[in-house]
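Trainee: The structure's right below; bear with me while I get my questions together.
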Amino acid sequence: MEKAKGYYIYILTNPSFKEWVKIGYADDVEKRVKILNSHETTPFGFRIYATYEVAGRLQDKNVHSLIDQLNPNLRSKEIIGGKSRVREFYAMSPEKAYSILEKIAKISGSEDKLKRYKLTDQEAKDEASAEEVKKLSANRHHFKDIDFRSSLTGKQYHGTTGDDGTLKIIDIKTGNEVLNNSNPSKKAIIGQAIKDLGGDSPKNETLYQRYHKLTNMVLD
């Protein structure tokens, strides 16, 4: 990681929460990151995505104000102990945050002051590890991907895990997901698929119990 010295607006990312970026100011960005990472408050550490050298201190406040004017709902805000807490975190991609600084740099003719950083090998490994942890957490029910047919509808389906960790049943022909309030339901579709394969599907089984049973039948 290259050392940045001077007055800098920075964009930091963290694989612990990839949907957020931290936009702030520091005289020494590397030192600021080390301080942030010295606290055991996040599973993975912060890393520098980009820096923008500015003429004076606390210029990040102008960037905060600009983003808040464009969309006040992007900033992290909450009420703690009856007091409003506004933080330097924004719900946007680092690419989007960088494009804002890039536009500012172009307008001011200071594009040479803007720098984007590359991940170190270790940081890349950490990001891959974080993604794997999230996938394992999302798939807490251990759903396996399977393709199956149900005579209840005469259709072929693909079962998989959704981003929120719930079971997704997708109509293979159309690519459409079977919704939770669909008729016939996911549970009924899977129950019939089990019967089609010669199995038994009691009414008191849950959706997930049925899917695990079907998975074992399909993969055996």
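By convention here, the chains of the structure tokens are called A, B, ... in the order presented, each chain's residues are numbered starting at 1, and ligands are numbered starting at 1 in the order presented.
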Residues near stretch 100-117 of chain A, anyone? I mean within 6 Å using only C-alpha atoms, not counting same-chain ones fewer than 5 positions away, as a list in words.
Mentor: Tyr49, Ala50, Thr51, Tyr52 and Glu53 of chain A
Trainee: Compile the contact shell of stretch 175-180 of chain A as a ChimeraX atom specification: residues with an atom at most 12 Å away, counting only C-alpha atoms, same-chain residues fewer than 2 positions apart removed.
Mentor: /A:153,155-162,166-173,182-190,207
Trainee: Between A:Val29, A:Ile80, A:Ile35, A:Ile23, single out the one closest to A:Ser65, counting only C-alpha atoms.
Mentor: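 Closest to A:Ser65, using only C-alpha atoms: A:Ile23.
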Trainee: Tell me, as a list in words, which residues lie within 9 Å of stretch 123-127 of chain A, counting only C-alpha atoms; anything in the same chain fewer than 6 positions away does not count.
Mentor: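 Skipping anything fewer than 6 positions along the chain leaves Asn14, Pro15, Ser16, Phe44, Gly45 and Arg47 of chain A.
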Trainee: Pull C-alpha atoms from the residues just selected and write them as a PDB file, in the first residue's frame.
Mentor:
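Output file part22.pdb follows:
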```pdb
ATOM      1  CA  ASN A  14     -14.631  -2.842   3.752  1.00  0.00           C
ATOM      2  CA  PRO A  15     -15.566  -6.380   2.640  1.00  0.00           C
ATOM      3  CA  SER A  16     -17.603  -6.710   5.841  1.00  0.00           C
ATOM      4  CA  PHE A  44     -12.487  -7.443   8.060  1.00  0.00           C
ATOM      5  CA  GLY A  45     -10.354  -4.320   7.758  1.00  0.00           C
ATOM      6  CA  ARG A  47      -8.752  -0.539   2.664  1.00  0.00           C
TER       7      ARG A  47
END
```
Trainee: I'd like to know which residues of stretch 7-202 of chain A are strand (DSSP E) (by DSSP, run on the backbone); could you write them as a PyMOL selection string?
Mentor: chain A and resi 7-13+21-28+47-53+75-80+83-90+114-116+146-150+155-161+167-171
Trainee: Hey, what's within 8 Å of A:Val54 if we count only C-alpha atoms and toss same-chain stuff fewer than 4 positions away? As a list in words, please?
Mentor: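 After dropping sequence-adjacent residues, the list is Tyr7, Tyr8, Ile9, Gln59 and Lys113 of chain A.
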Trainee: Show me, as a list in words, the residues that have an atom within 12 Å of stretch 72-78 of chain A when counting only C-alpha atoms, minus same-chain residues fewer than 2 positions from it.
Mentor: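 Selected residues are Glu19, Trp20, Val21, Lys22, Ile23, Val63, His64, Ser65, Leu66, Ile67, Asp68, Gln69, Leu70, Ile80, Gly81, Gly82, Lys83, Ser84, Arg85, Val86, Arg87, Glu88, Phe89, Tyr90, Ala91, Met92, Ser93, Lys96 and Ala97 of chain A.
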Trainee: Using only C-alpha atoms, pick whichever of A:Asp147, A:Thr13, A:Ala55, A:Ile48 has the shortest atom-to-atom distance to A:Arg32.
Mentor: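 Residue with the minimum atom-to-atom distance to A:Arg32: A:Ile48.
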Trainee: Hey, can you check how far atom CA of A:Gly6 sits from atom CA of A:Tyr25?
Mentor: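 Spanning atom CA of A:Gly6 to atom CA of A:Tyr25 is a straight-line distance of 10.4 Å.
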Trainee: DSSP on the backbone, helix (DSSP H, G or I) only: what residues of stretch 112-192 of chain A does that give? Format it as a PyMOL selection string.
Mentor: chain A and resi 112-113+121-138+186-192
Trainee: What is the distance between atom CA of A:Leu12 and atom CA of A:Asp164, in Å to one decimal?
Mentor: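 Separating atom CA of A:Leu12 from atom CA of A:Asp164 is a distance of 25.4 Å.
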Trainee: When you count only C-alpha atoms, which of these residues is closest to A:Ser99: A:Ile11, A:Asp163, A:Gly24, A:Glu131?
Mentor: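 When distances to A:Ser99 are compared using only C-alpha atoms, the smallest one comes from A:Ile11.
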Trainee: Given only C-alpha atoms as the basis, pick out the residue of A:Gly154, A:Ala128, A:Gln122, A:His142 nearest to A:Gln209.
Mentor: A:His142
Trainee: Tell me which protein, DNA and RNA residues are within 9 Å of A:Val218, counting only C-alpha atoms, leaving out same-chain ones fewer than 5 positions away, and put them as a VMD selection string.
Mentor: chain A and resid 146 to 148 197 213
